[in-house]
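Pasted below: model-v4.csv, CSV, C-alpha atoms and all ligand atoms.
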chain,number,residue,atom,x,y,z
J,1,MET,CA,-10.6,-1.8,-21.9
J,2,SER,CA,-12.9,-4.1,-23.8
J,3,GLN,CA,-15.5,-6.4,-22.2
J,4,LEU,CA,-14.2,-9.9,-21.8
J,5,LEU,CA,-17.3,-11.4,-20.1
J,6,GLU,CA,-20.9,-10.2,-20.6
J,7,ILE,CA,-23.9,-11.5,-18.7
J,8,GLU,CA,-27.2,-10.1,-20.0
J,9,ASN,CA,-30.5,-10.5,-18.2
J,10,ALA,CA,-29.6,-13.9,-16.9
J,11,THR,CA,-32.3,-15.8,-14.9
J,12,LEU,CA,-32.1,-19.2,-13.3
J,13,LYS,CA,-34.7,-20.9,-11.2
J,14,PHE,CA,-34.5,-24.0,-9.1
J,15,GLY,CA,-38.1,-25.1,-8.6
J,16,GLY,CA,-39.7,-22.1,-6.9
J,17,VAL,CA,-36.4,-20.5,-6.0
J,18,VAL,CA,-35.1,-17.7,-8.3
J,19,ALA,CA,-31.4,-18.2,-7.7
J,20,VAL,CA,-30.4,-15.6,-10.4
J,21,ASN,CA,-32.9,-12.9,-11.2
J,22,ASP,CA,-32.6,-10.9,-14.5
J,23,LEU,CA,-28.9,-10.2,-13.7
J,24,SER,CA,-26.7,-8.2,-16.0
J,25,PHE,CA,-23.0,-7.3,-15.5
J,26,SER,CA,-19.8,-7.4,-17.5
J,27,VAL,CA,-16.1,-7.9,-16.7
J,28,LYS,CA,-13.5,-5.9,-18.6
J,29,GLU,CA,-10.3,-7.5,-19.9
J,30,GLY,CA,-7.6,-7.1,-17.2
J,31,GLU,CA,-9.7,-6.2,-14.2
J,32,VAL,CA,-10.4,-7.8,-10.9
J,33,TYR,CA,-14.2,-7.9,-10.4
J,34,ALA,CA,-15.7,-9.1,-7.2
J,35,ILE,CA,-19.2,-10.4,-6.4
J,36,VAL,CA,-20.3,-10.1,-2.8
J,37,GLY,CA,-23.6,-10.9,-1.1
J,38,PRO,CA,-25.2,-12.8,1.8
J,39,ASN,CA,-25.3,-16.7,1.7
J,40,GLY,CA,-27.8,-17.9,-0.8
J,41,ALA,CA,-27.6,-14.7,-2.9
J,42,GLY,CA,-26.8,-16.6,-6.0
J,43,LYS,CA,-23.0,-16.0,-6.3
J,44,SER,CA,-21.9,-19.7,-6.9
J,45,THR,CA,-24.9,-20.1,-9.2
J,46,VAL,CA,-23.5,-17.2,-11.4
J,47,PHE,CA,-20.2,-19.2,-11.6
J,48,ASN,CA,-22.1,-22.4,-12.5
J,49,LEU,CA,-23.8,-20.5,-15.3
J,50,ILE,CA,-20.6,-19.1,-16.7
J,51,SER,CA,-18.9,-22.6,-16.5
J,52,ARG,CA,-22.0,-24.0,-18.3
J,53,PHE,CA,-22.8,-26.5,-15.5
J,54,TYR,CA,-26.3,-24.9,-15.6
J,55,ASP,CA,-28.5,-23.6,-18.4
J,56,PRO,CA,-30.1,-20.3,-17.7
J,57,TYR,CA,-33.8,-20.0,-18.0
J,58,ALA,CA,-33.3,-16.8,-19.9
J,59,GLY,CA,-30.6,-14.4,-20.8
J,60,ALA,CA,-27.3,-14.2,-22.8
J,61,LEU,CA,-23.7,-15.0,-21.8
J,62,ARG,CA,-20.8,-13.9,-23.9
J,63,PHE,CA,-17.0,-14.4,-23.6
J,64,ASP,CA,-14.8,-12.3,-25.9
J,65,GLY,CA,-17.9,-11.7,-28.0
J,66,GLN,CA,-18.7,-15.4,-28.4
J,67,ASN,CA,-22.0,-17.0,-27.3
J,68,LEU,CA,-21.2,-19.2,-24.3
J,69,LEU,CA,-24.6,-20.8,-24.4
J,70,ALA,CA,-23.7,-22.5,-27.7
J,71,ARG,CA,-20.9,-24.3,-25.9
J,72,SER,CA,-20.5,-27.2,-23.5
J,73,ALA,CA,-18.7,-27.0,-20.1
J,74,ASP,CA,-15.5,-28.6,-21.7
J,75,ALA,CA,-15.7,-26.2,-24.6
J,76,VAL,CA,-15.9,-23.2,-22.2
J,77,ALA,CA,-12.7,-24.4,-20.4
J,78,ASP,CA,-11.0,-24.7,-23.9
J,79,LEU,CA,-11.9,-21.0,-24.5
J,80,GLY,CA,-9.7,-20.2,-21.5
J,81,ILE,CA,-12.1,-19.9,-18.5
J,82,ALA,CA,-10.8,-21.7,-15.4
J,83,ARG,CA,-12.3,-21.8,-11.9
J,84,THR,CA,-11.8,-22.8,-8.3
J,85,PHE,CA,-14.6,-24.2,-6.2
J,86,GLN,CA,-16.1,-23.0,-2.9
J,87,ASN,CA,-15.5,-26.6,-1.6
J,88,ILE,CA,-12.0,-27.6,-2.8
J,89,GLU,CA,-12.1,-30.2,-5.6
J,90,LEU,CA,-8.8,-31.9,-5.9
J,91,PHE,CA,-7.7,-35.5,-6.3
J,92,ASP,CA,-6.9,-36.4,-2.7
J,93,HIS,CA,-4.8,-39.4,-3.4
J,94,ALA,CA,-2.6,-37.8,-6.0
J,95,THR,CA,0.3,-35.4,-5.4
J,96,VAL,CA,0.3,-31.6,-5.8
J,97,LEU,CA,2.3,-32.0,-9.0
J,98,GLN,CA,-0.1,-34.6,-10.4
J,99,ASN,CA,-3.1,-32.4,-9.6
J,100,LEU,CA,-1.5,-29.4,-11.4
J,101,LEU,CA,-0.7,-31.6,-14.4
J,102,VAL,CA,-4.4,-32.4,-14.6
J,103,GLY,CA,-5.0,-28.7,-14.8
J,104,ARG,CA,-3.0,-28.7,-18.1
J,105,HIS,CA,-5.4,-31.2,-19.6
J,106,ARG,CA,-7.0,-28.8,-22.0
J,107,HIS,CA,-3.7,-28.2,-23.8
J,108,ARG,CA,-3.1,-31.8,-24.8
J,109,ARG,CA,-2.8,-32.1,-28.6
J,110,THR,CA,-1.6,-35.6,-28.9
J,111,ASN,CA,-3.7,-38.7,-29.2
J,112,MET,CA,-3.6,-41.9,-27.2
J,113,VAL,CA,-1.6,-44.0,-29.7
J,114,GLN,CA,1.0,-41.3,-29.8
J,115,GLU,CA,1.1,-41.2,-26.0
J,116,MET,CA,1.4,-45.0,-25.8
J,117,LEU,CA,4.3,-45.0,-28.2
J,118,PHE,CA,5.8,-42.0,-26.4
J,119,THR,CA,6.7,-40.3,-29.7
J,120,PRO,CA,9.1,-37.3,-29.8
J,121,LYS,CA,6.0,-35.1,-30.2
J,122,VAL,CA,4.5,-36.5,-26.9
J,123,ARG,CA,7.9,-36.0,-25.2
J,124,ARG,CA,8.1,-32.4,-26.3
J,125,GLU,CA,4.5,-31.8,-25.2
J,126,GLU,CA,5.1,-33.5,-21.8
J,127,GLU,CA,8.1,-31.2,-21.3
J,128,ARG,CA,6.1,-28.1,-22.1
J,129,HIS,CA,3.3,-29.1,-19.6
J,130,ARG,CA,5.9,-29.8,-16.9
J,131,ALA,CA,7.6,-26.5,-17.4
J,132,ALA,CA,4.3,-24.6,-17.2
J,133,VAL,CA,3.3,-26.5,-14.0
J,134,GLU,CA,6.7,-25.9,-12.4
J,135,ASP,CA,6.3,-22.2,-13.1
J,136,VAL,CA,3.0,-22.3,-11.2
J,137,ILE,CA,4.6,-24.3,-8.3
J,138,ASP,CA,7.3,-21.6,-8.1
J,139,PHE,CA,4.9,-18.7,-8.3
J,140,LEU,CA,2.7,-20.1,-5.5
J,141,ASP,CA,5.6,-21.2,-3.3
J,142,LEU,CA,4.4,-24.8,-3.5
J,143,GLN,CA,7.9,-26.4,-3.8
J,144,PRO,CA,7.9,-27.9,-0.3
J,145,TYR,CA,4.6,-29.7,-1.1
J,146,ARG,CA,5.3,-30.6,-4.8
J,147,ASP,CA,5.4,-34.4,-4.3
J,148,LYS,CA,3.2,-34.6,-1.3
J,149,MET,CA,-0.3,-36.3,-1.4
J,150,ILE,CA,-3.2,-33.8,-1.2
J,151,ALA,CA,-5.0,-35.8,1.5
J,152,GLY,CA,-2.2,-35.0,4.1
J,153,LEU,CA,-1.9,-31.3,3.4
J,154,PRO,CA,-3.3,-28.5,5.7
J,155,TYR,CA,-6.4,-26.8,4.4
J,156,GLY,CA,-4.6,-23.5,3.6
J,157,VAL,CA,-2.2,-25.3,1.3
J,158,ARG,CA,-4.9,-27.3,-0.4
J,159,LYS,CA,-6.6,-24.0,-1.1
J,160,VAL,CA,-3.4,-22.7,-2.8
J,161,VAL,CA,-3.2,-25.9,-4.9
J,162,GLU,CA,-6.7,-25.4,-6.0
J,163,LEU,CA,-5.7,-22.0,-7.3
J,164,GLY,CA,-2.6,-23.5,-8.9
J,165,ARG,CA,-4.7,-26.2,-10.7
J,166,ALA,CA,-6.8,-23.4,-12.3
J,167,LEU,CA,-3.7,-21.3,-13.1
J,168,ALA,CA,-1.9,-24.2,-14.7
J,169,SER,CA,-4.5,-24.3,-17.5
J,170,GLY,CA,-3.2,-20.9,-18.6
J,171,PRO,CA,-6.6,-19.2,-18.5
J,172,ARG,CA,-7.7,-15.8,-19.8
J,173,LEU,CA,-10.4,-15.5,-17.2
J,174,LEU,CA,-10.1,-17.0,-13.7
J,175,LEU,CA,-13.2,-17.5,-11.6
J,176,LEU,CA,-12.4,-17.8,-7.9
J,177,ASP,CA,-15.2,-18.9,-5.6
J,178,GLU,CA,-14.3,-17.6,-2.0
J,179,PRO,CA,-10.5,-17.8,-2.4
J,180,ALA,CA,-10.0,-16.7,1.3
J,181,SER,CA,-12.7,-18.7,3.0
J,182,GLY,CA,-11.2,-20.7,5.9
J,183,LEU,CA,-7.8,-19.0,5.5
J,184,SER,CA,-5.9,-17.4,8.4
J,185,VAL,CA,-5.2,-13.6,8.3
J,186,GLU,CA,-1.7,-14.4,7.0
J,187,GLU,CA,-2.8,-16.8,4.4
J,188,THR,CA,-5.4,-14.3,3.2
J,189,GLN,CA,-2.7,-11.7,2.9
J,190,ASP,CA,-0.7,-14.1,0.6
J,191,MET,CA,-3.9,-14.7,-1.4
J,192,ARG,CA,-4.2,-11.0,-1.9
J,193,TRP,CA,-0.6,-10.7,-3.3
J,194,TRP,CA,-1.2,-13.6,-5.6
J,195,ILE,CA,-4.4,-12.3,-7.0
J,196,ASP,CA,-2.6,-8.9,-7.6
J,197,ASP,CA,0.2,-10.7,-9.4
J,198,ILE,CA,-2.1,-12.9,-11.4
J,199,ARG,CA,-3.6,-9.8,-12.8
J,200,LYS,CA,-0.6,-7.6,-13.1
J,201,GLN,CA,2.2,-10.0,-14.1
J,202,MET,CA,0.2,-12.7,-15.9
J,203,GLY,CA,-2.4,-10.4,-17.3
J,204,ILE,CA,-5.3,-12.7,-16.3
J,205,THR,CA,-8.8,-11.2,-15.8
J,206,VAL,CA,-10.2,-12.3,-12.4
J,207,LEU,CA,-13.9,-12.7,-11.4
J,208,MET,CA,-14.2,-13.6,-7.7
J,209,VAL,CA,-16.8,-14.3,-5.1
J,210,GLU,CA,-15.6,-13.3,-1.6
J,211,HIS,CA,-16.9,-12.5,1.8
J,212,ASP,CA,-13.7,-11.0,3.2
J,213,MET,CA,-14.3,-7.3,2.5
J,214,GLY,CA,-10.6,-6.5,3.3
J,215,LEU,CA,-9.5,-8.7,0.5
J,216,VAL,CA,-12.3,-7.5,-1.8
J,217,SER,CA,-11.3,-3.8,-1.3
J,218,GLY,CA,-7.6,-4.6,-1.5
J,219,VAL,CA,-7.7,-6.3,-5.0
J,220,SER,CA,-10.9,-5.4,-6.8
J,221,ASP,CA,-11.4,-2.6,-9.3
J,222,ARG,CA,-15.2,-3.1,-9.2
J,223,VAL,CA,-17.7,-4.9,-7.0
J,224,LEU,CA,-21.1,-6.2,-7.6
J,225,ALA,CA,-23.4,-6.7,-4.6
J,226,LEU,CA,-26.0,-9.4,-5.1
J,227,ALA,CA,-29.1,-10.1,-3.0
J,228,ASP,CA,-31.8,-12.7,-3.9
J,229,GLY,CA,-30.1,-13.2,-7.3
J,230,ALA,CA,-30.4,-9.6,-8.4
J,231,LYS,CA,-28.0,-6.6,-8.6
J,232,LEU,CA,-28.2,-4.4,-5.5
J,233,ALA,CA,-25.3,-2.2,-6.3
J,234,GLU,CA,-22.2,-2.0,-8.5
J,235,GLY,CA,-19.1,0.3,-8.3
J,236,THR,CA,-15.8,0.7,-6.7
J,237,PRO,CA,-15.3,-1.2,-3.4
J,238,ALA,CA,-15.8,2.1,-1.5
J,239,GLN,CA,-19.0,3.0,-3.4
J,240,VAL,CA,-20.5,-0.4,-2.8
J,241,GLN,CA,-19.6,-0.6,0.9
J,242,SER,CA,-21.2,2.8,1.6
J,243,ASP,CA,-24.4,2.0,-0.5
J,244,PRO,CA,-27.5,2.2,1.8
J,245,ALA,CA,-29.1,-0.8,0.0
J,246,VAL,CA,-26.0,-2.9,0.6
J,247,ILE,CA,-25.7,-1.9,4.3
J,248,GLU,CA,-29.4,-2.7,4.8
J,249,ALA,CA,-29.0,-6.2,3.1
J,250,TYR,CA,-26.0,-7.0,5.3
J,251,LEU,CA,-27.6,-5.9,8.5
J,252,GLY,CA,-30.7,-7.9,7.5
J,253,THR,CA,-33.1,-5.1,8.4
M,301,LIG,P1,-24.3,-18.2,-2.7
M,301,LIG,O1,-23.2,-18.8,-3.5
M,301,LIG,O2,-24.5,-16.8,-3.0
M,301,LIG,O3,-24.3,-18.5,-1.3
M,301,LIG,P2,-25.9,-20.1,-4.3
M,301,LIG,O4,-25.7,-19.6,-5.7
M,301,LIG,O5,-25.2,-21.3,-3.9
M,301,LIG,O6,-25.7,-18.9,-3.3
M,301,LIG,O7,-27.5,-20.4,-4.1
M,301,LIG,C1,-28.5,-19.5,-4.5
M,301,LIG,C2,-29.8,-20.0,-4.3
M,301,LIG,O8,-30.1,-21.1,-5.1
M,301,LIG,C3,-30.0,-20.6,-2.9
M,301,LIG,O9,-31.3,-20.4,-2.4
M,301,LIG,C4,-29.7,-22.1,-3.0
M,301,LIG,O10,-30.4,-22.8,-2.1
M,301,LIG,C5,-30.3,-22.3,-4.4
M,301,LIG,N1,-29.5,-23.4,-5.1
M,301,LIG,C6,-28.2,-23.4,-5.5
M,301,LIG,N2,-27.9,-24.5,-6.2
M,301,LIG,C7,-29.0,-25.2,-6.2
M,301,LIG,C8,-29.3,-26.5,-6.8
M,301,LIG,N3,-28.4,-27.2,-7.4
M,301,LIG,N4,-30.6,-27.0,-6.6
M,301,LIG,C9,-31.5,-26.3,-5.9
M,301,LIG,N5,-31.3,-25.1,-5.4
M,301,LIG,C10,-30.1,-24.6,-5.5
M,302,MG,MG,-21.5,-19.8,-2.8
Translate the structure of the given file into structure tokens.
Amino acid sequence: MSQLLEIENATLKFGGVVAVNDLSFSVKEGEVYAIVGPNGAGKSTVFNLISRFYDPYAGALRFDGQNLLARSADAVADLGIARTFQNIELFDHATVLQNLLVGRHRHRRTNMVQEMLFTPKVRREEERHRAAVEDVIDFLDLQPYRDKMIAGLPYGVRKVVELGRALASGPRLLLLDEPASGLSVEETQDMRWWIDDIRKQMGITVLMVEHDMGLVSGVSDRVLALADGAKLAEGTPAQVQSDPAVIEAYLGT
């Protein structure tokens, strides 16, 4: 398997805080790679670097061999990198369907005049987007909520819609920031099957940050343990969980 995402010696400081410290790791095409670590370890910051929300102080970031640092956040999304957020970011006063259609945004190839005139090209595009979104709705069992407003939905359902919004864009790399946080045991189990299917059926590479070690062990090929922005250990879930440095960091001794 070739490397899809490469992070090389990345460093990011916020004032005096070194949030990411000379960090290197790569994610292979087709794998599920998890980042674990205590609160404040720098996990979300790594995602913000990849999404190009932040500029690193030093280091290199490559996606499919291309230099990510030469691109804007929008251009990174166009390359096929989609993400979910630790705190759900959806349009609360729009329906599930509308939120997922927004996820298709990067595929729009028509201009505003064409859209206003509703040309046959626009109509065909619209149909294609709707079909892609309906597939995601079916895949994530969201039919009962399809036309419901986000604001009235239970947390667990909103979490699934957030995953759906990212999936609807048809990404090559999916970044999931704590997909199981706040979910019940049952909902976490569903999340596990979906992540498995996203990789196996859709062939999408997954990079996730997660605290639930059951979920991490269940779906990940490899795990990176972070502490104070730096790599503590990397390997299979079993290797990382039994690593003395990791155990020490988690016990806080
Ligand atoms: P994690 O996701 O592992 O809990 P974060 O990546 O959110 O950790 O944060 C890593 C460190 O960087 C923390 O010390 C946090 O306070 C700091 N940090 C994160 N984002 C910012 C920011 N926008 N401004 C200042 N400090 C930040
Ligand atoms: Mg975080």
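Neighbours of J:Leu101 closer than or equal to 8 Å, with all atoms listed in the file counted and sequence neighbours fewer than 6 positions away skipped, come out as J:His129, J:Arg130, J:Val133, J:Arg165, J:Ala168.
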Task: Distance of atom CA of J:Leu176 from atom CA of J:Glu210, expressed in Å to one decimal place - done: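 Those two atoms sit 8.4 Å apart.
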Can you work out which residues are within 12 Å of ligand LIG 301 (chain M), considering all atoms listed in the file, and then hand them over as a compact mmCIF listing (two decimals) with C-alpha atoms, keeping the file's coordinate frame?
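Generated output (result21.txt):
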# COMPACT_ATOMS: atom_id res chain seq x y z
CA THR J 11 -32.30 -15.80 -14.90
CA LEU J 12 -32.10 -19.20 -13.30
CA LYS J 13 -34.70 -20.90 -11.20
CA PHE J 14 -34.50 -24.00 -9.10
CA GLY J 15 -38.10 -25.10 -8.60
CA GLY J 16 -39.70 -22.10 -6.90
CA VAL J 17 -36.40 -20.50 -6.00
CA VAL J 18 -35.10 -17.70 -8.30
CA ALA J 19 -31.40 -18.20 -7.70
CA VAL J 20 -30.40 -15.60 -10.40
CA ASN J 21 -32.90 -12.90 -11.20
CA ILE J 35 -19.20 -10.40 -6.40
CA VAL J 36 -20.30 -10.10 -2.80
CA GLY J 37 -23.60 -10.90 -1.10
CA PRO J 38 -25.20 -12.80 1.80
CA ASN J 39 -25.30 -16.70 1.70
CA GLY J 40 -27.80 -17.90 -0.80
CA ALA J 41 -27.60 -14.70 -2.90
CA GLY J 42 -26.80 -16.60 -6.00
CA LYS J 43 -23.00 -16.00 -6.30
CA SER J 44 -21.90 -19.70 -6.90
CA THR J 45 -24.90 -20.10 -9.20
CA VAL J 46 -23.50 -17.20 -11.40
CA PHE J 47 -20.20 -19.20 -11.60
CA ASN J 48 -22.10 -22.40 -12.50
CA LEU J 49 -23.80 -20.50 -15.30
CA PHE J 53 -22.80 -26.50 -15.50
CA TYR J 54 -26.30 -24.90 -15.60
CA ASP J 55 -28.50 -23.60 -18.40
CA PHE J 85 -14.60 -24.20 -6.20
CA GLN J 86 -16.10 -23.00 -2.90
CA ASN J 87 -15.50 -26.60 -1.60
CA LEU J 176 -12.40 -17.80 -7.90
CA ASP J 177 -15.20 -18.90 -5.60
CA GLU J 178 -14.30 -17.60 -2.00
CA MET J 208 -14.20 -13.60 -7.70
CA VAL J 209 -16.80 -14.30 -5.10
CA GLU J 210 -15.60 -13.30 -1.60
CA HIS J 211 -16.90 -12.50 1.80
CA ALA J 225 -23.40 -6.70 -4.60
CA LEU J 226 -26.00 -9.40 -5.10
CA ALA J 227 -29.10 -10.10 -3.00
CA ASP J 228 -31.80 -12.70 -3.90
CA GLY J 229 -30.10 -13.20 -7.30
CA ALA J 230 -30.40 -9.60 -8.40
Open item on the list: What's the separation between atom CA of J:Leu224 and atom CA of J:Val161, in Å to one decimal place?
Closed with: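 Taking atom CA of J:Leu224 as the start and atom CA of J:Val161 as the end point, the length is 26.8 Å.
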- [ ] One decimal, Å: what's the distance from atom CA of J:Ile7 over to atom CA of J:Ile50, could you say?
- [x] 8.5 Å
Task: Residue among J:Lys231, J:Val240, J:Met213, J:Leu175 lying closest to J:Glu8, counting all atoms listed in the file - done: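 Ranked by minimum distance to J:Glu8, first place goes to J:Lys231.
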- [ ] Within 9 Å of J:Asn99, counting only C-alpha atoms, which residues show up once you throw out same-chain ones fewer than 6 positions away? Write them as a list of chain:residue names, please.
- [x]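 Here the qualifying residues turn out to be J:Leu90, J:Phe91, J:Asp92, J:Ile150, J:Val161, J:Glu162, J:Gly164, J:Arg165.
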Task: Counting only C-alpha atoms and all ligand atoms, the option among J:Ser181, J:Arg128, J:Thr205, J:Pro120 closest to ligand MG 302 (chain M) - done: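 Smallest separation from ligand MG 302 (chain M) among the options: J:Ser181.
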